[in-house]
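*Asks:* Handing you this structure, nothing more for now.
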Amino acid sequence: MNRMRGFGALTAVAIAVAATVGACTVKQNEDPTLTGPSTFVTAPSPAGPTANFTFTPTSPTANSPVAFDGSISCPEAGFTGGCVTSDRAITSFSWNFGDGTTGSSAVISHVFRAVGSFNVTLTVVSDRNLSSSLTKTVTVAAGSPPTADFVFSPTNPAVAQTVSFNASASKPGTGHQISTYAWDFGDGGRASGVNPTHGFGASGTYNVVLVVTDEVGQTATASKQVPVAVASSTPAPTADFVFSPAAPAVGQSTLFNASQSKAAAGHSIASYAWNFGDGGTGTDVTASHAFGAAGTYSVVLIVTDDVGQTATSSKTIPVSATSQTPPTASFVFSPASPATNQDVFFNASASTAAAGRSITTYTWDFGDGSSCSTTNNSCNGGGVTPTHAYTRPGTFTVTLTVIDNASPTQSGLTTRTVSVSSASGQIVAEFLFSPSDPFVGQTVFFDATPSISSSPPLVTISVYEWDFGDGTGCSTNGPACSGSDKKPQHAFGSANTWVVRLTVTDSANKKATTTHTVTVKVPPTIK
């Protein structure tokens, strides 16, 4: 009986040894009747792999390649310095780069497109289908920023001239690319792109700013000043004004009117600036101002046209300490809506002087370049009731100034607008010219744009004939005009008052003629 128990114990030991050597998972149950210590051994669990990887560079930048190496992972447990000797193998490598992209090889290259910190995870699986994962944080920097630069042409542009800008000299940082170009032209204008164009509406020096941005949001800025000048062929405006009363008293309102100021043909006056000589200023075409102390004041008007050119006019105003009531200017006209070349009747009899005084002078400005006054008896019909015919349609500001017999004299001023229409079937010849008072040899610019055919738009003006009054002329039919037949240019060779005549013919074979005098002066001597 004891012999049998000994045989059973030896058998159990032999089976346990065999299981250990062969890594067998068979479980052997001992005989419950055996006595003494057990010699049964349980087989160990198979070892899993160890995931590990390196990456270079360790401080990468966006859009630059990063090399990841997972080949240092161990098929079984690793230890400091390397892997244990094993006949096992890793069968798969799986990468998750933390930016939504993955990979599947032991050694792999990856590009991060954005700046930030990314958790990169490597998962390895062994031939026993056991897995291991390792996560490391990769911090991606923006890298080198872009540089901004640009050129422009022409380098000294004129007002309204097209200026071409080119930002191709701007460069991205290493591994980056410029994604946007933003332009600020310094006059309120903006644009985008590498090669925008822009025209400046007035003279001046403009600070043009370019901002470039790369694909990761890095920016760079460049700015350059663009000097814009008025073309030498552009005539300057003229400044002029009237005021009433002519000799105001302290505290009395004085009315100033700059509507007599004119811009060159094709341009307009953009701003008015008044300096009343006592610290007071104004910015409208008309202004009212009261002087606080007696004295003589120099009032200065500066007008600026739409291309930035300026003109100045100044007049002295005597202000007395004694208050005097100025006369009141007033007038009516008929018909209320006249046509071109129709007589308009003006009547200033409603104007009044202060008690004990009388009006001695009536001066009219009809707003179309024509004027008259009782001082030289130039009013057709008299100074109180003149007549005037407008040769072109438009809206005209008529100004009446009256002066009384006080000592010093007092004046009153008033204005009204007259709207003139084109008479049906009537052809109108009219032209403008600039400068208004040219010098000998200076180019004078003529413009017949205000001329109107007999039945526009079906009928158009087909022939412009110019006689400059100095023995020269030009025409649509020849000799050819310098500039164009509608807008010719002419320089007078001597000082004189020349009568320039324009004759127009429309396609209905109707003709009209008008004349204007051009006073040509000798240039001042430069000492």
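Please note that chains go A, B, ... in the order of the structure tokens, that every chain numbers its residues from 1, and that ligands are numbered from 1 in the order shown.
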Residues at most 7 Å from Asn119 of chain A, counting only C-alpha atoms, excluding those fewer than 4 positions away in the same chain, as a VMD selection string?
*Replies:* chain A and resid 97 to 98 135 to 138
*Asks:* Mind writing the picked residues with N, CA and C atoms as a compact mmCIF listing (two decimals), in the first residue's frame?
*Replies:*
```txt
# COMPACT_ATOMS: atom_id res chain seq x y z
N PHE A 97 -0.83 60.07 -34.40
CA PHE A 97 -0.02 61.27 -34.21
C PHE A 97 -0.74 62.39 -33.46
N GLY A 98 -1.95 62.16 -33.04
CA GLY A 98 -2.65 63.14 -32.22
C GLY A 98 -3.21 64.32 -32.98
N THR A 135 2.94 56.56 -25.12
CA THR A 135 2.56 57.90 -25.59
C THR A 135 3.62 58.91 -25.18
N LYS A 136 4.00 59.74 -26.12
CA LYS A 136 4.92 60.83 -25.86
C LYS A 136 4.33 62.12 -26.44
N THR A 137 4.64 63.25 -25.78
CA THR A 137 4.14 64.55 -26.23
C THR A 137 5.18 65.22 -27.14
N VAL A 138 4.72 65.62 -28.33
CA VAL A 138 5.57 66.31 -29.29
C VAL A 138 5.08 67.76 -29.38
```
*Asks:* Neighbours of segment 108-115 of chain A within 7 Å (only C-alpha atoms; same-chain residues fewer than 2 positions away dropped), as a PyMOL selection string?
*Replies:* chain A and resi 62-69+105-106+140-142+216
*Asks:* Those selected residues, please, written with N, CA and C atoms and delivered as a compact mmCIF listing (two decimals), in the first residue's frame.
*Replies:*
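Okay, out-v3.txt is ready:
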```txt
# COMPACT_ATOMS: atom_id res chain seq x y z
N ALA A 62 6.17 73.53 -37.49
CA ALA A 62 5.05 73.18 -38.36
C ALA A 62 5.51 73.08 -39.80
N ASN A 63 4.94 72.08 -40.51
CA ASN A 63 5.18 71.84 -41.93
C ASN A 63 6.60 71.37 -42.23
N SER A 64 7.33 70.92 -41.19
CA SER A 64 8.65 70.31 -41.40
C SER A 64 8.56 68.84 -40.99
N PRO A 65 9.23 67.91 -41.71
CA PRO A 65 9.10 66.48 -41.41
C PRO A 65 9.73 66.11 -40.06
N VAL A 66 9.07 65.20 -39.34
CA VAL A 66 9.56 64.65 -38.08
C VAL A 66 9.72 63.15 -38.28
N ALA A 67 10.92 62.59 -37.95
CA ALA A 67 11.20 61.17 -38.12
C ALA A 67 10.89 60.43 -36.82
N PHE A 68 10.02 59.43 -36.88
CA PHE A 68 9.68 58.59 -35.74
C PHE A 68 10.26 57.20 -35.95
N ASP A 69 10.90 56.64 -34.89
CA ASP A 69 11.55 55.31 -34.98
C ASP A 69 11.03 54.43 -33.86
N SER A 105 4.15 51.73 -39.85
CA SER A 105 5.45 51.09 -40.07
C SER A 105 6.36 51.41 -38.89
N ALA A 106 7.42 50.59 -38.76
CA ALA A 106 8.31 50.75 -37.61
C ALA A 106 8.99 52.12 -37.62
N VAL A 140 5.14 71.25 -31.18
CA VAL A 140 5.44 71.79 -32.50
C VAL A 140 5.39 73.32 -32.44
N ALA A 141 6.47 73.96 -32.82
CA ALA A 141 6.55 75.43 -32.80
C ALA A 141 6.24 75.99 -34.19
N ALA A 142 6.04 77.30 -34.25
CA ALA A 142 5.70 77.93 -35.53
C ALA A 142 6.90 77.99 -36.48
N VAL A 216 0.40 79.28 -40.89
CA VAL A 216 0.22 79.00 -39.46
C VAL A 216 -0.10 80.28 -38.69
```
*Asks:* Atom CA of Tyr297 of chain A to atom CA of Thr322 of chain A: how many Å, to one decimal?
*Replies:* 16.3 Å
*Asks:* Segment 337-343 of chain A: which residues within 7 Å, counting only C-alpha atoms, same-chain residues fewer than 2 positions away excluded, as a list in words?
*Replies:*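 Returned residues: Pro335, Phe345, Thr387, His388, Ala389, Tyr390, Thr391, Arg392, Pro393, Ser419, Val420, Ser421, Ser422 and Ala423 of chain A.
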*Asks:* Would you mind exporting N, CA and C atoms of the selected residues as a compact mmCIF listing (two decimals), in the first residue's frame?
*Replies:*
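Heads up, here's the output in result17.txt:
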```txt
# COMPACT_ATOMS: atom_id res chain seq x y z
N PRO A 335 -38.51 135.02 -66.51
CA PRO A 335 -39.37 133.93 -66.04
C PRO A 335 -38.67 133.08 -64.98
N PHE A 345 -35.31 138.73 -66.75
CA PHE A 345 -35.47 140.08 -66.21
C PHE A 345 -35.28 140.05 -64.69
N THR A 387 -31.23 142.90 -67.54
CA THR A 387 -31.62 141.65 -68.22
C THR A 387 -30.36 140.89 -68.58
N HIS A 388 -30.53 139.58 -68.62
CA HIS A 388 -29.37 138.73 -68.95
C HIS A 388 -29.88 137.44 -69.58
N ALA A 389 -29.19 136.95 -70.60
CA ALA A 389 -29.54 135.69 -71.27
C ALA A 389 -28.41 134.69 -71.06
N TYR A 390 -28.77 133.51 -70.62
CA TYR A 390 -27.80 132.44 -70.40
C TYR A 390 -27.63 131.63 -71.69
N THR A 391 -26.39 131.40 -72.07
CA THR A 391 -26.11 130.70 -73.33
C THR A 391 -26.03 129.20 -73.17
N ARG A 392 -26.08 128.71 -71.94
CA ARG A 392 -26.02 127.26 -71.73
C ARG A 392 -26.96 126.89 -70.59
N PRO A 393 -27.45 125.67 -70.61
CA PRO A 393 -28.33 125.24 -69.51
C PRO A 393 -27.53 124.96 -68.24
N SER A 419 -32.41 128.30 -62.57
CA SER A 419 -32.28 127.04 -63.32
C SER A 419 -32.64 127.28 -64.77
N VAL A 420 -31.69 127.05 -65.66
CA VAL A 420 -31.86 127.33 -67.08
C VAL A 420 -31.91 126.01 -67.84
N SER A 421 -32.94 125.84 -68.65
CA SER A 421 -33.08 124.61 -69.43
C SER A 421 -32.71 124.88 -70.88
N SER A 422 -32.49 123.81 -71.62
CA SER A 422 -32.15 123.94 -73.03
C SER A 422 -33.44 124.10 -73.82
N ALA A 423 -33.50 125.12 -74.65
CA ALA A 423 -34.69 125.33 -75.46
C ALA A 423 -34.85 124.21 -76.48
```
*Asks:* Can you list, as a PDB file with C-alpha atoms, in the first residue's frame, every residue of segment 147-357 of chain A that DSSP puts in strand (DSSP E)?
*Replies:*
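After the write, states_35.pdb holds the following:
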```pdb
ATOM      1  CA  VAL A 151       7.756  97.691 -54.813  1.00  0.00           C
ATOM      2  CA  PHE A 152       5.461 100.055 -56.744  1.00  0.00           C
ATOM      3  CA  SER A 153       5.467 101.743 -60.116  1.00  0.00           C
ATOM      4  CA  THR A 162      -2.849 103.797 -61.850  1.00  0.00           C
ATOM      5  CA  VAL A 163      -0.102 102.595 -59.504  1.00  0.00           C
ATOM      6  CA  SER A 164       0.972  98.928 -59.655  1.00  0.00           C
ATOM      7  CA  PHE A 165       2.094  97.255 -56.423  1.00  0.00           C
ATOM      8  CA  ASN A 166       4.094  94.001 -56.286  1.00  0.00           C
ATOM      9  CA  ILE A 178       2.504  82.941 -47.487  1.00  0.00           C
ATOM     10  CA  SER A 179      -1.250  82.483 -47.593  1.00  0.00           C
ATOM     11  CA  THR A 180      -2.599  86.076 -47.618  1.00  0.00           C
ATOM     12  CA  TYR A 181      -1.516  89.582 -48.629  1.00  0.00           C
ATOM     13  CA  ALA A 182      -3.433  92.545 -47.118  1.00  0.00           C
ATOM     14  CA  TRP A 183      -2.915  96.115 -48.392  1.00  0.00           C
ATOM     15  CA  ASP A 184      -3.850  99.478 -46.827  1.00  0.00           C
ATOM     16  CA  ARG A 190      -7.696  98.400 -49.307  1.00  0.00           C
ATOM     17  CA  ALA A 191      -6.870  95.359 -51.436  1.00  0.00           C
ATOM     18  CA  SER A 192      -5.590  91.787 -51.306  1.00  0.00           C
ATOM     19  CA  THR A 197      -3.373  98.357 -58.501  1.00  0.00           C
ATOM     20  CA  HIS A 198      -4.646 101.601 -57.003  1.00  0.00           C
ATOM     21  CA  GLY A 199      -5.222 105.222 -58.017  1.00  0.00           C
ATOM     22  CA  GLY A 204      -0.120 114.078 -50.914  1.00  0.00           C
ATOM     23  CA  THR A 205       2.205 111.505 -49.386  1.00  0.00           C
ATOM     24  CA  TYR A 206       0.463 108.231 -48.547  1.00  0.00           C
ATOM     25  CA  ASN A 207       1.780 105.570 -46.134  1.00  0.00           C
ATOM     26  CA  VAL A 208       1.053 102.242 -47.850  1.00  0.00           C
ATOM     27  CA  VAL A 209       1.129  99.213 -45.515  1.00  0.00           C
ATOM     28  CA  LEU A 210       1.432  95.544 -46.550  1.00  0.00           C
ATOM     29  CA  VAL A 211       0.722  92.710 -44.078  1.00  0.00           C
ATOM     30  CA  VAL A 212       1.591  89.128 -45.125  1.00  0.00           C
ATOM     31  CA  THR A 213       0.364  86.071 -43.204  1.00  0.00           C
ATOM     32  CA  ASP A 214       1.660  82.503 -43.522  1.00  0.00           C
ATOM     33  CA  THR A 219       2.547  87.855 -39.873  1.00  0.00           C
ATOM     34  CA  ALA A 220       5.032  90.427 -41.124  1.00  0.00           C
ATOM     35  CA  THR A 221       4.522  94.078 -42.071  1.00  0.00           C
ATOM     36  CA  ALA A 222       6.171  96.467 -44.526  1.00  0.00           C
ATOM     37  CA  SER A 223       5.292 100.109 -45.183  1.00  0.00           C
ATOM     38  CA  LYS A 224       6.464 102.628 -47.763  1.00  0.00           C
ATOM     39  CA  GLN A 225       5.518 106.206 -48.548  1.00  0.00           C
ATOM     40  CA  VAL A 226       4.064 106.972 -51.978  1.00  0.00           C
ATOM     41  CA  PRO A 227       4.349 110.642 -53.055  1.00  0.00           C
ATOM     42  CA  VAL A 228       1.401 111.609 -55.258  1.00  0.00           C
ATOM     43  CA  VAL A 242     -17.372 138.732 -51.544  1.00  0.00           C
ATOM     44  CA  PHE A 243     -18.606 139.950 -48.179  1.00  0.00           C
ATOM     45  CA  SER A 244     -21.321 142.175 -46.791  1.00  0.00           C
ATOM     46  CA  SER A 253     -22.680 139.638 -38.578  1.00  0.00           C
ATOM     47  CA  THR A 254     -20.711 139.751 -41.802  1.00  0.00           C
ATOM     48  CA  LEU A 255     -21.718 137.365 -44.602  1.00  0.00           C
ATOM     49  CA  PHE A 256     -18.917 135.829 -46.673  1.00  0.00           C
ATOM     50  CA  ASN A 257     -19.576 134.049 -49.977  1.00  0.00           C
ATOM     51  CA  ILE A 269     -13.674 122.473 -55.528  1.00  0.00           C
ATOM     52  CA  ALA A 270     -13.627 119.979 -52.674  1.00  0.00           C
ATOM     53  CA  SER A 271     -13.162 122.233 -49.632  1.00  0.00           C
ATOM     54  CA  TYR A 272     -13.186 125.837 -48.422  1.00  0.00           C
ATOM     55  CA  ALA A 273     -11.108 127.099 -45.491  1.00  0.00           C
ATOM     56  CA  TRP A 274     -11.679 130.561 -43.994  1.00  0.00           C
ATOM     57  CA  ASN A 275      -9.402 132.465 -41.634  1.00  0.00           C
ATOM     58  CA  THR A 281     -12.398 130.026 -38.966  1.00  0.00           C
ATOM     59  CA  GLY A 282     -14.984 128.488 -41.302  1.00  0.00           C
ATOM     60  CA  THR A 286     -20.631 130.659 -47.266  1.00  0.00           C
ATOM     61  CA  ALA A 287     -19.857 131.777 -43.723  1.00  0.00           C
ATOM     62  CA  SER A 288     -21.126 134.330 -41.227  1.00  0.00           C
ATOM     63  CA  HIS A 289     -18.767 135.961 -38.740  1.00  0.00           C
ATOM     64  CA  ALA A 290     -18.904 138.827 -36.204  1.00  0.00           C
ATOM     65  CA  GLY A 295      -9.706 147.200 -36.409  1.00  0.00           C
ATOM     66  CA  THR A 296      -8.693 146.131 -39.892  1.00  0.00           C
ATOM     67  CA  TYR A 297      -8.720 142.366 -40.443  1.00  0.00           C
ATOM     68  CA  SER A 298      -7.169 140.340 -43.248  1.00  0.00           C
ATOM     69  CA  VAL A 299      -9.584 137.566 -44.204  1.00  0.00           C
ATOM     70  CA  VAL A 300      -7.984 134.656 -46.074  1.00  0.00           C
ATOM     71  CA  LEU A 301      -9.825 132.021 -48.135  1.00  0.00           C
ATOM     72  CA  ILE A 302      -8.106 128.821 -49.262  1.00  0.00           C
ATOM     73  CA  VAL A 303      -9.920 126.537 -51.730  1.00  0.00           C
ATOM     74  CA  THR A 304      -8.775 122.999 -52.544  1.00  0.00           C
ATOM     75  CA  ASP A 305      -9.871 121.121 -55.652  1.00  0.00           C
ATOM     76  CA  THR A 310      -5.055 124.947 -53.693  1.00  0.00           C
ATOM     77  CA  ALA A 311      -5.639 128.621 -54.379  1.00  0.00           C
ATOM     78  CA  THR A 312      -5.747 131.566 -51.974  1.00  0.00           C
ATOM     79  CA  SER A 313      -7.534 134.897 -51.858  1.00  0.00           C
ATOM     80  CA  SER A 314      -7.326 137.555 -49.146  1.00  0.00           C
ATOM     81  CA  LYS A 315      -9.180 140.812 -48.514  1.00  0.00           C
ATOM     82  CA  THR A 316      -9.033 143.433 -45.756  1.00  0.00           C
ATOM     83  CA  ILE A 317     -12.153 144.327 -43.783  1.00  0.00           C
ATOM     84  CA  PRO A 318     -12.414 147.526 -41.739  1.00  0.00           C
ATOM     85  CA  VAL A 319     -14.426 146.972 -38.563  1.00  0.00           C
ATOM     86  CA  VAL A 332     -36.747 138.816 -58.093  1.00  0.00           C
ATOM     87  CA  PHE A 333     -36.443 137.496 -61.647  1.00  0.00           C
ATOM     88  CA  SER A 334     -38.705 136.377 -64.473  1.00  0.00           C
ATOM     89  CA  ASP A 343     -33.840 137.132 -71.676  1.00  0.00           C
ATOM     90  CA  VAL A 344     -34.180 136.900 -67.890  1.00  0.00           C
ATOM     91  CA  PHE A 345     -35.466 140.083 -66.209  1.00  0.00           C
ATOM     92  CA  PHE A 346     -34.011 140.879 -62.808  1.00  0.00           C
ATOM     93  CA  ASN A 347     -35.485 143.494 -60.455  1.00  0.00           C
TER      94      ASN A 347
END
```
*Asks:* If I take atom CA of Pro145 of chain A and atom CA of Gln218 of chain A, how far is one from the other in Å, to one decimal?
*Replies:* 5.8 Å
*Asks:* Which residues are near Gly367 of chain A? Cut-off 7 Å, only C-alpha atoms, ignore same chain within fewer than 4 positions. Put them as a list in words.
*Replies:*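 Answer for this query is Phe396, Thr397 and Val398 of chain A.
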*Asks:* With N, CA and C atoms retained, write the just-selected residues as an mmCIF file, in the first residue's frame.
*Replies:*
```cif
data_model
loop_
_atom_site.group_PDB
_atom_site.id
_atom_site.type_symbol
_atom_site.label_atom_id
_atom_site.label_comp_id
_atom_site.auth_asym_id
_atom_site.auth_seq_id
_atom_site.Cartn_x
_atom_site.Cartn_y
_atom_site.Cartn_z
ATOM 1 N N PHE A 396 -27.492 128.313 -61.913
ATOM 2 C CA PHE A 396 -26.540 129.404 -61.705
ATOM 3 C C PHE A 396 -26.906 130.165 -60.431
ATOM 4 N N THR A 397 -25.887 130.536 -59.643
ATOM 5 C CA THR A 397 -26.074 131.326 -58.433
ATOM 6 C C THR A 397 -25.870 132.801 -58.768
ATOM 7 N N VAL A 398 -26.942 133.566 -58.663
ATOM 8 C CA VAL A 398 -26.893 134.997 -58.967
ATOM 9 C C VAL A 398 -26.684 135.759 -57.654
#
```
*Asks:* Pick from A:Ala229, A:Ala329, A:Val504, A:Cys74: nearest to Thr414 of chain A, with only C-alpha atoms counted?
*Replies:*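 For Thr414 of chain A, the nearest of the given residues is A:Ala329.
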*Asks:* For the atom pair atom CA of Ser92 of chain A and atom CA of Phe55 of chain A, what is the interatomic distance in Å to one decimal place?
*Replies:*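 Distance reported for this atom pair: 18.6 Å.
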*Asks:* Would you please work out which residue, of A:Thr121, A:Asn52, A:Thr514, A:Thr449, is nearest to Pro488 of chain A when using only C-alpha atoms?
*Replies:*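 That would be A:Thr449, the residue with the smallest distance to Pro488 of chain A.
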*Asks:* Which residues, written as a PyMOL selection string, have at least one atom at most 12 Å from Gly473 of chain A, with only C-alpha atoms counted and residues fewer than 2 positions away on the same chain left out?
*Replies:* chain A and resi 464-471+475-482+485+488-492+499-503
*Asks:* Between A:Ala294, A:Val285, A:Ala429, A:Ala158, single out the one closest to Ala247 of chain A, counting only C-alpha atoms.
*Replies:* A:Ala294
*Asks:* Between A:Leu413, A:Ala169, A:Ala293, A:Ala508, which one has atoms that come closest to Leu458 of chain A, using only C-alpha atoms?
*Replies:*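 Looking at the shortest contact to Leu458 of chain A, the residue is A:Ala508.
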*Asks:* Using only C-alpha atoms, find the one residue out of A:Thr399, A:Gln309, A:Asn380, A:Thr155 that sits nearest to Gly201 of chain A.
*Replies:* A:Gln309
*Asks:* Mind the document's chain letters and residue numbers, and return as a PyMOL selection string the residues of segment 13-239 of chain A that DSSP labels helix (DSSP H, G or I).
*Replies:* chain A and resi 13-21
*Asks:* Can you write out as JSON lines which residues of segment 194-285 of chain A fall within 8 Å of segment 434-446 of chain A, alongside each residue's closest atom pair and its distance in Å to one decimal, counting only C-alpha atoms and ordering rows by chain and ascending residue number?
*Replies:*
```
{"residue": "A:Pro235", "atom": "CA", "partner": "A:Pro435", "partner_atom": "CA", "distance": 6.1}
{"residue": "A:Ala236", "atom": "CA", "partner": "A:Pro435", "partner_atom": "CA", "distance": 7.4}
{"residue": "A:Ala264", "atom": "CA", "partner": "A:Ser434", "partner_atom": "CA", "distance": 5.8}
{"residue": "A:Ala265", "atom": "CA", "partner": "A:Ser434", "partner_atom": "CA", "distance": 6.7}
```
*Asks:* Any chance you can output those residues with N, CA and C atoms as a PDB file, in the first residue's frame?
*Replies:*
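Written out: result-v9.pdb:
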```pdb
ATOM      1  N   PRO A 235      -4.603 122.465 -64.576  1.00  0.00           N
ATOM      2  CA  PRO A 235      -4.676 123.861 -64.109  1.00  0.00           C
ATOM      3  C   PRO A 235      -5.147 123.924 -62.657  1.00  0.00           C
ATOM      4  N   ALA A 236      -4.679 124.922 -61.943  1.00  0.00           N
ATOM      5  CA  ALA A 236      -5.061 125.115 -60.546  1.00  0.00           C
ATOM      6  C   ALA A 236      -6.401 125.851 -60.469  1.00  0.00           C
ATOM      7  N   ALA A 264     -10.736 124.256 -62.256  1.00  0.00           N
ATOM      8  CA  ALA A 264     -10.436 124.118 -63.675  1.00  0.00           C
ATOM      9  C   ALA A 264     -11.449 123.191 -64.335  1.00  0.00           C
ATOM     10  N   ALA A 265     -11.533 123.264 -65.655  1.00  0.00           N
ATOM     11  CA  ALA A 265     -12.462 122.419 -66.398  1.00  0.00           C
ATOM     12  C   ALA A 265     -12.211 120.951 -66.093  1.00  0.00           C
TER      13      ALA A 265
END
```
